$ cat upload-v3.cif   # mmCIF, C-alpha atoms
data_data
#
loop_
_atom_site.label_atom_id
_atom_site.label_comp_id
_atom_site.auth_asym_id
_atom_site.auth_seq_id
_atom_site.Cartn_x
_atom_site.Cartn_y
_atom_site.Cartn_z
CA MET A 1 -4.54 -23.04 25.49
CA SER A 2 -2.12 -25.38 23.73
CA HIS A 3 1.57 -24.63 23.97
CA PRO A 4 4.29 -25.68 21.50
CA SER A 5 4.57 -29.43 21.78
CA PRO A 6 7.99 -30.16 20.21
CA VAL A 7 10.88 -30.52 22.64
CA ALA A 8 12.89 -27.33 22.76
CA PRO A 9 16.48 -27.52 21.49
CA ARG A 10 19.26 -26.77 23.97
CA ALA A 11 19.29 -23.05 24.66
CA ASP A 12 22.96 -22.33 23.99
CA PHE A 13 22.12 -19.12 22.16
CA ASP A 14 20.78 -15.92 23.60
CA PHE A 15 18.27 -13.73 21.79
CA THR A 16 17.68 -10.01 21.86
CA LEU A 17 14.56 -8.28 20.55
CA ARG A 18 14.04 -4.87 19.02
CA ARG A 19 10.65 -3.35 18.26
CA LEU A 20 10.02 -0.94 15.40
CA ARG A 21 6.58 0.50 14.71
CA PHE A 22 5.26 -0.11 11.20
CA ASP A 23 3.40 3.10 10.38
CA GLU A 24 3.44 5.79 7.70
CA HIS A 25 6.84 7.00 9.01
CA TYR A 26 8.45 3.55 8.94
CA THR A 27 12.00 3.25 7.57
CA PRO A 28 13.56 -0.25 7.33
CA SER A 29 16.46 -0.89 9.69
CA GLN A 30 19.88 -1.78 8.30
CA THR A 31 19.43 -5.44 9.32
CA THR A 32 15.97 -5.90 7.77
CA ARG A 33 15.67 -8.23 4.79
CA LEU A 34 14.66 -5.84 2.00
CA THR A 35 12.46 -8.49 0.37
CA THR A 36 10.13 -8.68 3.34
CA ASN A 37 6.64 -7.31 2.71
CA PHE A 38 6.80 -4.23 4.89
CA ALA A 39 10.31 -3.20 3.83
CA ASN A 40 9.47 -3.38 0.12
CA LEU A 41 6.57 -0.98 0.61
CA ALA A 42 8.68 1.63 2.38
CA ARG A 43 10.99 2.71 -0.42
CA GLY A 44 10.76 4.95 -3.45
CA ASP A 45 8.92 8.17 -4.21
CA THR A 46 5.56 6.76 -3.13
CA ARG A 47 6.77 5.25 0.16
CA GLN A 48 4.59 7.27 2.55
CA GLN A 49 1.44 6.97 0.45
CA ASN A 50 2.19 3.26 0.05
CA LEU A 51 2.34 2.84 3.81
CA ARG A 52 -0.83 4.86 4.41
CA ASN A 53 -2.75 2.84 1.83
CA ALA A 54 -1.53 -0.48 3.21
CA LEU A 55 -2.44 0.46 6.78
CA ARG A 56 -5.87 1.69 5.64
CA MET A 57 -6.47 -1.63 3.91
CA ILE A 58 -5.62 -3.49 7.12
CA ASP A 59 -7.93 -1.35 9.28
CA ASN A 60 -10.82 -1.58 6.81
CA ARG A 61 -10.52 -5.35 6.58
CA PHE A 62 -10.35 -5.67 10.36
CA ASN A 63 -13.55 -3.66 10.84
CA ALA A 64 -15.34 -5.63 8.13
CA LEU A 65 -14.61 -8.88 9.97
CA ALA A 66 -15.16 -7.46 13.49
CA HIS A 67 -18.59 -6.15 12.57
CA TRP A 68 -20.44 -6.75 15.86
CA ASP A 69 -21.07 -3.59 17.94
CA ASN A 70 -19.35 -1.76 15.11
CA PRO A 71 -22.16 -0.14 13.02
CA ASN A 72 -19.94 2.44 11.32
CA ALA A 73 -17.08 -0.04 10.65
CA ASP A 74 -14.59 2.26 12.32
CA ARG A 75 -14.28 0.95 15.87
CA TYR A 76 -10.86 -0.71 15.53
CA ALA A 77 -7.39 0.09 14.27
CA VAL A 78 -4.45 -2.29 14.01
CA GLU A 79 -1.02 -1.29 15.31
CA LEU A 80 1.92 -3.24 13.92
CA ASP A 81 5.32 -3.68 15.52
CA ILE A 82 8.17 -5.35 13.65
CA ILE A 83 9.99 -7.66 16.07
CA SER A 84 13.62 -8.07 15.03
CA VAL A 85 15.36 -11.03 16.64
CA GLU A 86 19.14 -11.12 16.87
CA ILE A 87 21.03 -14.21 17.99
CA GLY A 88 24.17 -14.22 20.09
CA LEU A 89 26.53 -17.13 19.70
CA PRO A 90 27.94 -18.93 22.76
CA ASP A 91 31.46 -18.04 23.80
CA ARG A 92 31.48 -15.05 21.44
CA ALA A 93 31.74 -11.33 22.06
CA THR A 94 28.47 -9.80 23.15
CA ASP A 95 28.41 -7.48 20.14
CA GLU A 96 28.85 -10.37 17.71
CA ARG A 97 25.24 -10.96 16.79
CA PHE A 98 23.34 -12.01 13.67
CA PRO A 99 19.87 -10.81 12.54
CA LEU A 100 18.10 -14.16 12.81
CA LEU A 101 14.49 -13.35 11.89
CA GLU A 102 11.70 -10.81 11.98
CA ILE A 103 8.04 -11.33 12.84
CA LEU A 104 5.09 -8.98 13.29
CA LYS A 105 3.20 -8.27 16.50
CA THR A 106 -0.32 -6.89 16.16
CA THR A 107 -2.11 -4.79 18.75
CA VAL A 108 -5.78 -3.88 18.37
CA LEU A 109 -6.86 -0.36 19.28
CA ASP A 110 -10.51 -0.25 20.38
CA ARG A 111 -11.63 3.35 19.90
CA HIS A 112 -14.89 2.78 21.80
CA THR A 113 -13.14 1.81 25.02
CA SER A 114 -9.79 3.56 24.38
CA SER A 115 -8.10 0.26 25.15
CA ARG A 116 -5.36 -1.72 23.46
CA ILE A 117 -5.83 -5.47 23.06
CA ALA A 118 -2.99 -7.90 22.36
CA GLY A 119 -3.23 -9.33 18.87
CA MET A 120 -1.34 -12.16 17.20
CA THR A 121 2.42 -12.65 17.25
CA GLY A 122 4.07 -14.05 14.14
CA ASN A 123 2.02 -13.18 11.07
CA ASN A 124 4.89 -12.53 8.65
CA LEU A 125 8.21 -14.43 8.90
CA SER A 126 11.41 -12.94 7.53
CA SER A 127 14.59 -15.01 7.76
CA PHE A 128 18.07 -14.75 6.23
CA VAL A 129 18.73 -18.44 6.99
CA ARG A 130 15.56 -19.38 5.11
CA ASP A 131 16.89 -17.37 2.12
CA TYR A 132 20.13 -19.32 2.39
CA ASP A 133 18.30 -22.65 2.35
CA PHE A 134 15.97 -21.83 -0.54
CA SER A 135 18.14 -19.56 -2.70
CA VAL A 136 21.61 -21.06 -2.16
CA VAL A 137 21.48 -24.63 -0.79
CA LEU A 138 18.47 -25.92 -2.72
CA PRO A 139 19.50 -24.68 -6.20
CA ALA A 140 23.07 -25.93 -5.69
CA HIS A 141 21.83 -29.37 -4.66
CA ASN A 142 19.56 -29.72 -7.69
CA LYS A 143 21.89 -28.23 -10.30
CA GLY A 144 22.33 -30.72 -13.13
CA ARG A 145 19.84 -33.21 -11.64
CA SER A 146 16.95 -34.51 -13.71
CA ASP A 147 14.70 -35.09 -10.69
CA PHE A 148 14.12 -32.52 -7.93
CA SER A 149 15.11 -33.60 -4.43
CA LEU A 150 15.84 -32.09 -1.04
CA PRO A 151 19.36 -31.96 0.40
CA PRO A 152 20.03 -34.04 3.52
CA LYS A 153 18.87 -32.28 6.69
CA PHE A 154 17.30 -29.50 4.63
CA GLY A 155 15.80 -26.94 7.01
CA ASP A 156 16.99 -28.66 10.20
CA LEU A 157 19.18 -25.80 11.42
CA HIS A 158 16.54 -23.16 10.68
CA GLY A 159 13.89 -25.23 12.43
CA HIS A 160 16.02 -25.75 15.52
CA LEU A 161 16.91 -22.05 15.69
CA PHE A 162 13.25 -21.06 15.42
CA LEU A 163 12.20 -23.53 18.11
CA SER A 164 15.00 -22.38 20.37
CA PHE A 165 13.73 -18.80 20.07
CA VAL A 166 10.06 -19.68 20.66
CA HIS A 167 10.98 -21.72 23.75
CA SER A 168 13.37 -19.09 25.07
CA ALA A 169 12.83 -17.00 28.17
CA THR A 170 13.18 -13.94 25.91
CA TYR A 171 10.12 -14.95 23.86
CA LYS A 172 8.03 -15.97 26.84
CA ALA A 173 8.75 -12.72 28.65
CA GLN A 174 7.35 -10.69 25.76
CA PHE A 175 4.55 -12.80 24.25
CA HIS A 176 1.85 -14.77 26.03
CA LYS A 177 0.97 -17.19 23.21
CA PRO A 178 2.93 -19.14 20.56
CA PRO A 179 3.29 -17.48 17.16
CA VAL A 180 1.06 -18.07 14.14
CA ILE A 181 2.58 -17.54 10.67
CA CYS A 182 0.14 -16.70 7.86
CA LEU A 183 1.27 -17.19 4.25
CA SER A 184 -0.09 -17.52 0.73
CA VAL A 185 -1.29 -20.86 -0.56
CA ALA A 186 1.03 -22.65 -2.98
CA ASN A 187 0.29 -21.98 -6.64
CA SER A 188 1.51 -25.51 -7.50
CA LYS A 189 -1.16 -27.25 -5.39
CA THR A 190 -4.90 -27.90 -5.64
CA TYR A 191 -7.23 -27.06 -2.75
CA ARG A 192 -10.63 -28.62 -2.04
CA ARG A 193 -13.30 -27.07 0.14
CA THR A 194 -14.39 -29.05 3.20
CA ASP A 195 -17.53 -28.88 5.37
CA THR A 196 -15.62 -27.22 8.24
CA HIS A 197 -16.69 -23.63 8.79
CA HIS A 198 -15.44 -21.22 11.46
CA PRO A 199 -17.18 -17.88 12.14
CA ILE A 200 -13.93 -15.90 11.82
CA LEU A 201 -11.57 -18.09 9.79
CA GLY A 202 -14.30 -19.07 7.34
CA VAL A 203 -14.40 -22.25 5.30
CA GLU A 204 -11.57 -24.74 5.51
CA TYR A 205 -9.77 -26.13 2.46
CA GLN A 206 -7.52 -29.16 2.22
CA GLN A 207 -4.38 -29.29 0.10
CA SER A 208 -3.79 -31.99 -2.50
CA ASP A 209 -0.36 -32.87 -1.09
CA GLU A 210 2.34 -31.35 1.09
CA SER A 211 4.25 -28.36 -0.27
CA LEU A 212 7.93 -27.60 0.16
CA THR A 213 6.97 -24.77 2.53
CA ASP A 214 4.89 -27.20 4.61
CA ILE A 215 7.88 -29.54 4.90
CA TYR A 216 10.18 -26.66 5.85
CA PHE A 217 7.79 -25.24 8.44
CA ARG A 218 7.24 -28.70 9.92
CA LYS A 219 10.94 -28.60 10.82
CA MET A 220 10.01 -25.45 12.80
CA GLY A 221 7.39 -27.43 14.73
CA LEU A 222 4.47 -25.89 12.83
CA LYS A 223 1.50 -27.61 11.20
CA VAL A 224 -0.70 -26.00 8.56
CA ARG A 225 -4.42 -25.47 8.00
CA PHE A 226 -6.05 -23.56 5.15
CA PHE A 227 -9.04 -21.26 5.62
CA MET A 228 -10.83 -18.75 3.39
CA PRO A 229 -12.28 -16.07 5.70
CA PRO A 230 -15.64 -14.38 5.01
CA GLY A 231 -15.27 -11.87 2.18
CA SER A 232 -11.97 -13.37 0.99
CA VAL A 233 -11.42 -14.76 -2.48
CA ALA A 234 -8.72 -17.35 -1.71
CA PRO A 235 -7.64 -19.43 1.29
CA LEU A 236 -4.72 -18.45 3.49
CA ALA A 237 -2.20 -20.89 4.98
CA PHE A 238 -2.00 -20.73 8.78
CA TYR A 239 1.05 -22.37 10.38
CA VAL A 240 0.51 -23.08 14.09
CA PHE A 241 1.84 -25.04 17.06
CA GLY A 242 -1.46 -25.73 18.81
CA ASP A 243 -5.16 -25.49 17.96
CA LEU A 244 -5.83 -22.54 15.65
CA LEU A 245 -9.58 -22.69 16.26
CA CYS A 246 -9.48 -22.83 20.07
CA ASP A 247 -6.25 -21.20 21.27
CA TYR A 248 -6.87 -17.70 19.91
CA THR A 249 -9.62 -15.12 20.40
CA PRO A 250 -11.72 -13.71 17.53
CA LEU A 251 -9.86 -10.38 17.62
CA GLU A 252 -6.49 -12.15 17.59
CA LEU A 253 -7.51 -14.16 14.53
CA ILE A 254 -8.88 -11.06 12.79
CA SER A 255 -5.64 -9.18 13.45
CA THR A 256 -3.72 -11.80 11.49
CA ILE A 257 -6.27 -12.16 8.70
CA SER A 258 -6.58 -8.42 8.11
CA THR A 259 -2.82 -7.85 8.17
CA MET A 260 -1.63 -10.75 6.07
CA GLU A 261 -4.50 -10.79 3.57
CA SER A 262 -3.81 -7.10 2.89
CA PHE A 263 -0.13 -7.82 2.26
CA GLN A 264 -1.08 -10.72 -0.03
CA LYS A 265 -3.51 -8.52 -2.01
CA ILE A 266 -0.57 -6.21 -2.66
CA TYR A 267 2.03 -8.89 -3.36
CA ARG A 268 -0.12 -11.55 -5.06
CA PRO A 269 -3.17 -9.73 -6.48
CA GLU A 270 -3.71 -12.50 -9.06
CA ILE A 271 -4.69 -14.78 -6.15
CA TYR A 272 -5.88 -12.56 -3.29
CA ASN A 273 -7.36 -9.64 -5.22
CA ALA A 274 -9.01 -11.76 -7.90
CA ASN A 275 -12.45 -10.63 -9.08
CA ALA A 276 -14.05 -14.01 -8.34
CA ALA A 277 -13.76 -16.17 -5.22
CA ALA A 278 -12.23 -19.64 -5.11
CA GLY A 279 -14.63 -22.47 -5.88
CA ALA A 280 -15.04 -25.89 -4.29
CA VAL A 281 -11.89 -27.03 -6.11
CA TYR A 282 -9.28 -24.30 -6.35
CA GLN A 283 -5.98 -24.03 -8.22
CA PRO A 284 -4.14 -20.76 -7.43
CA SER A 285 -2.29 -19.18 -10.33
CA LEU A 286 -0.04 -16.15 -10.69
CA GLN A 287 -1.04 -16.10 -14.38
CA HIS A 288 -4.71 -15.55 -13.53
CA PRO A 289 -5.77 -12.52 -15.62
CA ASP A 290 -8.98 -11.45 -13.84
CA TYR A 291 -7.83 -9.43 -10.85
CA SER A 292 -7.62 -5.87 -9.57
CA LEU A 293 -4.54 -3.90 -8.52
CA THR A 294 -4.32 -2.14 -5.17
CA GLN A 295 -3.22 1.48 -4.68
CA VAL A 296 0.13 0.25 -3.41
CA VAL A 297 3.33 -0.06 -5.46
CA TYR A 298 5.28 -3.29 -4.94
CA ASP A 299 8.44 -4.47 -6.73
CA ARG A 300 8.02 -8.23 -7.10
CA GLU A 301 10.98 -8.69 -9.46
CA GLU A 302 13.35 -7.03 -7.01
CA ARG A 303 12.07 -9.34 -4.28
CA SER A 304 13.14 -12.43 -6.25
CA ARG A 305 16.56 -11.02 -7.13
CA LEU A 306 17.38 -9.92 -3.61
CA ALA A 307 16.53 -13.30 -2.11
CA VAL A 308 19.76 -14.73 -3.57
CA GLU A 309 21.83 -11.80 -2.27
CA GLN A 310 20.31 -12.23 1.19
CA GLY A 311 21.04 -15.96 1.15
CA ARG A 312 24.67 -15.20 0.33
CA PHE A 313 24.76 -12.70 3.19
CA ALA A 314 23.64 -15.40 5.64
CA GLU A 315 26.21 -17.79 4.21
CA ALA A 316 29.06 -15.31 4.53
CA HIS A 317 28.26 -13.85 7.95
CA PHE A 318 26.60 -16.73 9.83
CA ILE A 319 26.73 -20.17 8.20
CA THR A 320 30.35 -20.28 7.03
CA PRO A 321 32.09 -18.62 10.01
CA TYR A 322 30.22 -20.76 12.56
CA ARG A 323 29.51 -23.88 10.50
CA THR A 324 31.08 -26.38 12.88
CA LEU A 325 29.44 -24.87 15.95
CA LEU A 326 26.03 -24.69 14.23
CA GLU A 327 26.21 -28.25 12.89
CA GLN A 328 27.15 -29.63 16.28
CA TRP A 329 24.43 -27.65 18.04
CA SER A 330 21.78 -28.63 15.49
CA ALA A 331 22.73 -32.31 15.65
CA HIS A 332 22.51 -32.24 19.44
CA SER A 333 19.17 -30.43 19.24
CA ALA A 334 17.75 -33.22 17.09
#

$ encode --input "upload-v3.cif" --output "structure tokens"
Amino acid sequence: MSHPSPVAPRADFDFTLRRLRFDEHYTPSQTTRLTTNFANLARGDTRQQNLRNALRMIDNRFNALAHWDNPNADRYAVELDIISVEIGLPDRATDERFPLLEILKTTVLDRHTSSRIAGMTGNNLSSFVRDYDFSVVLPAHNKGRSDFSLPPKFGDLHGHLFLSFVHSATYKAQFHKPPVICLSVANSKTYRRTDTHHPILGVEYQQSDESLTDIYFRKMGLKVRFFMPPGSVAPLAFYVFGDLLCDYTPLELISTISTMESFQKIYRPEIYNANAAAGAVYQPSLQHPDYSLTQVVYDREERSRLAVEQGRFAEAHFITPYRTLLEQWSAHSA
């Protein structure tokens, strides 16, 4: 198995983890970004039915992909834990911590053997610092400019913080493999089908050119590949440290596909719940009219509005108070 190859930044920060089960009784914690997929589903009058429907979608998709020795398509269930990561700053009080990021940990329940199998770590990525970069720093840098550009060192701090966590003893004590983050494809890019085909991940696509998300995640040490799994209608973007095709088992891969494709069907139905599959040349579009809605209510407008508020929260409670310390640490980490 390949391990993260980038050199780990100096581990001057300590990390603490909290686990919260994502099930039909889930209630977002006070430090959760409310724009993250799972938190958005868990509010309002339909919250419990929303959660049940989303979890049912994940289980059904998992069983459709893990079809061997599974004649009734009911052998497996996916358990989801939200991993909240808080960072402690050096030479600060122990209770002075900041909610750095959240990821998802999947566990596969095999009903035939009554066993639980470790799934993928990562999946979704929720980050206040990422909100700060994209919703505060980037718009301010480009305000009044005729040509779009990236600010100097854009994403460096976030990348170094993420790498420091993945290389930390805290991460390694809890998770036996590096994380994989699975996101939507970019609706500003064109994707072309290749001849590469994987039995679980499906057919590989290549992107026309690098997206802003690709550049940002590269600062986190992650490289991207695009695959459209069997039965899917659009490719997913998989951000990995090592070899996606060789480092992970079929059930690990299916745990990520079933979880993140279900979230994308809810959040971006125009792309992932379209009524026709992507062709050899594919241009995703959120204006695509031929799609179906899921039985899950999702507030996409609120998600966009809150991203700015969350970026300001990171600025006020993490970036500004510790700016000098963070800049010095990030520069040394480079």

$ closest_residue --input "upload-v3.cif" --among "A:Val281, A:Leu157, A:Met220, A:Val137" --to "Tyr191 of chain A" --atoms "all atoms listed in the file"
A:Val281

$ closest_residue --input "upload-v3.cif" --among "A:Ser188, A:His198, A:Leu17, A:Arg193" --to "Phe175 of chain A" --atoms "all atoms listed in the file"
A:Leu17

$ atom_distance --input "upload-v3.cif" --atom1 "atom CA of Val136 of chain A" --atom2 "atom CA of Val308 of chain A"
6.7 Å

$ atom_distance --input "upload-v3.cif" --atom1 "atom CA of Ser262 of chain A" --atom2 "atom CA of Met57 of chain A"
6.2 Å

$ resolve_selection --input "upload-v3.cif" --expression "the PyMOL selection byres ((chain A and resi 237-243) around 8)" --output "PDB file with C-alpha atoms, in the coordinates of the input"
ATOM      1  CA  MET A   1      -4.540 -23.040  25.490  1.00  0.00           C
ATOM      2  CA  SER A   2      -2.120 -25.380  23.730  1.00  0.00           C
ATOM      3  CA  HIS A   3       1.570 -24.630  23.970  1.00  0.00           C
ATOM      4  CA  PRO A   4       4.290 -25.680  21.500  1.00  0.00           C
ATOM      5  CA  SER A   5       4.570 -29.430  21.780  1.00  0.00           C
ATOM      6  CA  PRO A 178       2.930 -19.140  20.560  1.00  0.00           C
ATOM      7  CA  PRO A 179       3.290 -17.480  17.160  1.00  0.00           C
ATOM      8  CA  VAL A 180       1.060 -18.070  14.140  1.00  0.00           C
ATOM      9  CA  ILE A 181       2.580 -17.540  10.670  1.00  0.00           C
ATOM     10  CA  CYS A 182       0.140 -16.700   7.860  1.00  0.00           C
ATOM     11  CA  LEU A 183       1.270 -17.190   4.250  1.00  0.00           C
ATOM     12  CA  SER A 184      -0.090 -17.520   0.730  1.00  0.00           C
ATOM     13  CA  VAL A 185      -1.290 -20.860  -0.560  1.00  0.00           C
ATOM     14  CA  PHE A 217       7.790 -25.240   8.440  1.00  0.00           C
ATOM     15  CA  GLY A 221       7.390 -27.430  14.730  1.00  0.00           C
ATOM     16  CA  LEU A 222       4.470 -25.890  12.830  1.00  0.00           C
ATOM     17  CA  LYS A 223       1.500 -27.610  11.200  1.00  0.00           C
ATOM     18  CA  VAL A 224      -0.700 -26.000   8.560  1.00  0.00           C
ATOM     19  CA  ARG A 225      -4.420 -25.470   8.000  1.00  0.00           C
ATOM     20  CA  PHE A 226      -6.050 -23.560   5.150  1.00  0.00           C
ATOM     21  CA  PHE A 227      -9.040 -21.260   5.620  1.00  0.00           C
ATOM     22  CA  PRO A 235      -7.640 -19.430   1.290  1.00  0.00           C
ATOM     23  CA  LEU A 236      -4.720 -18.450   3.490  1.00  0.00           C
ATOM     24  CA  LEU A 244      -5.830 -22.540  15.650  1.00  0.00           C
ATOM     25  CA  LEU A 245      -9.580 -22.690  16.260  1.00  0.00           C
ATOM     26  CA  CYS A 246      -9.480 -22.830  20.070  1.00  0.00           C
ATOM     27  CA  ASP A 247      -6.250 -21.200  21.270  1.00  0.00           C
TER      28      ASP A 247
END

$ axis_aligned_box --input "upload-v3.cif" --around "segment 51-69 of chain A" --padding-each-side "6 Å" --output "AutoDock Vina command-line options"
--center_x -9.4 --center_y -2.0 --center_z 9.9 --size_x 35.4 --size_y 25.7 --size_z 28.1

$ decode --input "upload-v3.cif" --residues "segment 67-76 of chain A" --atoms "all heavy atoms" --output "short mmCIF file (atom, residue, chain, number, x, y, z; two decimals), in the first residue's frame"
data_model
loop_
_atom_site.label_atom_id
_atom_site.label_comp_id
_atom_site.auth_asym_id
_atom_site.auth_seq_id
_atom_site.Cartn_x
_atom_site.Cartn_y
_atom_site.Cartn_z
N HIS A 67 -22.47 -6.77 -5.65
CA HIS A 67 -23.54 -7.70 -6.04
C HIS A 67 -23.16 -9.17 -5.90
O HIS A 67 -24.01 -10.04 -5.92
CB HIS A 67 -23.96 -7.42 -7.48
CG HIS A 67 -22.82 -7.38 -8.44
ND1 HIS A 67 -22.22 -8.51 -8.93
CD2 HIS A 67 -22.15 -6.33 -8.98
CE1 HIS A 67 -21.23 -8.17 -9.74
NE2 HIS A 67 -21.16 -6.84 -9.79
N TRP A 68 -21.86 -9.49 -5.76
CA TRP A 68 -21.45 -10.89 -5.68
C TRP A 68 -21.85 -11.47 -4.31
O TRP A 68 -21.77 -10.80 -3.28
CB TRP A 68 -19.94 -11.01 -5.91
CG TRP A 68 -19.09 -10.21 -4.96
CD1 TRP A 68 -18.57 -10.63 -3.78
CD2 TRP A 68 -18.69 -8.83 -5.11
NE1 TRP A 68 -17.86 -9.61 -3.18
CE2 TRP A 68 -17.92 -8.50 -3.97
CE3 TRP A 68 -18.91 -7.85 -6.09
CZ2 TRP A 68 -17.38 -7.24 -3.79
CZ3 TRP A 68 -18.38 -6.59 -5.90
CH2 TRP A 68 -17.62 -6.29 -4.76
N ASP A 69 -22.28 -12.73 -4.33
CA ASP A 69 -22.78 -13.39 -3.11
C ASP A 69 -23.81 -12.53 -2.39
O ASP A 69 -23.87 -12.48 -1.16
CB ASP A 69 -21.62 -13.71 -2.15
CG ASP A 69 -20.71 -14.82 -2.66
OD1 ASP A 69 -21.18 -15.61 -3.51
OD2 ASP A 69 -19.55 -14.89 -2.23
N ASN A 70 -24.62 -11.84 -3.15
CA ASN A 70 -25.58 -10.89 -2.58
C ASN A 70 -26.86 -10.91 -3.43
O ASN A 70 -27.26 -9.89 -3.99
CB ASN A 70 -24.94 -9.49 -2.57
CG ASN A 70 -25.76 -8.46 -1.80
OD1 ASN A 70 -26.74 -8.79 -1.14
ND2 ASN A 70 -25.36 -7.20 -1.89
N PRO A 71 -27.51 -12.11 -3.56
CA PRO A 71 -28.61 -12.27 -4.52
C PRO A 71 -29.82 -11.38 -4.25
O PRO A 71 -30.54 -10.99 -5.18
CB PRO A 71 -28.98 -13.75 -4.40
CG PRO A 71 -28.49 -14.16 -3.05
CD PRO A 71 -27.25 -13.36 -2.81
N ASN A 72 -30.07 -11.06 -2.98
CA ASN A 72 -31.23 -10.23 -2.64
C ASN A 72 -30.89 -8.75 -2.49
O ASN A 72 -31.75 -7.95 -2.13
CB ASN A 72 -31.86 -10.73 -1.34
CG ASN A 72 -32.39 -12.15 -1.48
OD1 ASN A 72 -32.95 -12.52 -2.51
ND2 ASN A 72 -32.19 -12.95 -0.44
N ALA A 73 -29.63 -8.39 -2.78
CA ALA A 73 -29.16 -7.00 -2.69
C ALA A 73 -29.46 -6.37 -1.34
O ALA A 73 -29.89 -5.21 -1.25
CB ALA A 73 -29.76 -6.17 -3.82
N ASP A 74 -29.22 -7.15 -0.29
CA ASP A 74 -29.49 -6.64 1.06
C ASP A 74 -28.42 -7.09 2.06
O ASP A 74 -28.62 -6.98 3.27
CB ASP A 74 -30.86 -7.09 1.54
CG ASP A 74 -30.98 -8.61 1.64
OD1 ASP A 74 -30.02 -9.32 1.27
OD2 ASP A 74 -32.05 -9.10 2.06
N ARG A 75 -27.29 -7.56 1.56
CA ARG A 75 -26.28 -8.12 2.46
C ARG A 75 -25.60 -7.05 3.31
O ARG A 75 -25.27 -7.29 4.47
CB ARG A 75 -25.23 -8.86 1.64
CG ARG A 75 -24.08 -9.41 2.47
CD ARG A 75 -23.17 -10.33 1.68
NE ARG A 75 -22.06 -10.81 2.49
CZ ARG A 75 -21.22 -11.78 2.13
NH1 ARG A 75 -21.37 -12.36 0.95
NH2 ARG A 75 -20.24 -12.15 2.93
N TYR A 76 -25.40 -5.86 2.76
CA TYR A 76 -24.54 -4.86 3.40
C TYR A 76 -25.33 -3.63 3.84
O TYR A 76 -26.35 -3.25 3.24
CB TYR A 76 -23.44 -4.42 2.45
CG TYR A 76 -22.53 -5.54 2.00
CD1 TYR A 76 -22.65 -6.09 0.73
CD2 TYR A 76 -21.54 -6.04 2.85
CE1 TYR A 76 -21.82 -7.12 0.30
CE2 TYR A 76 -20.70 -7.06 2.44
CZ TYR A 76 -20.85 -7.60 1.16
OH TYR A 76 -20.02 -8.61 0.76
#
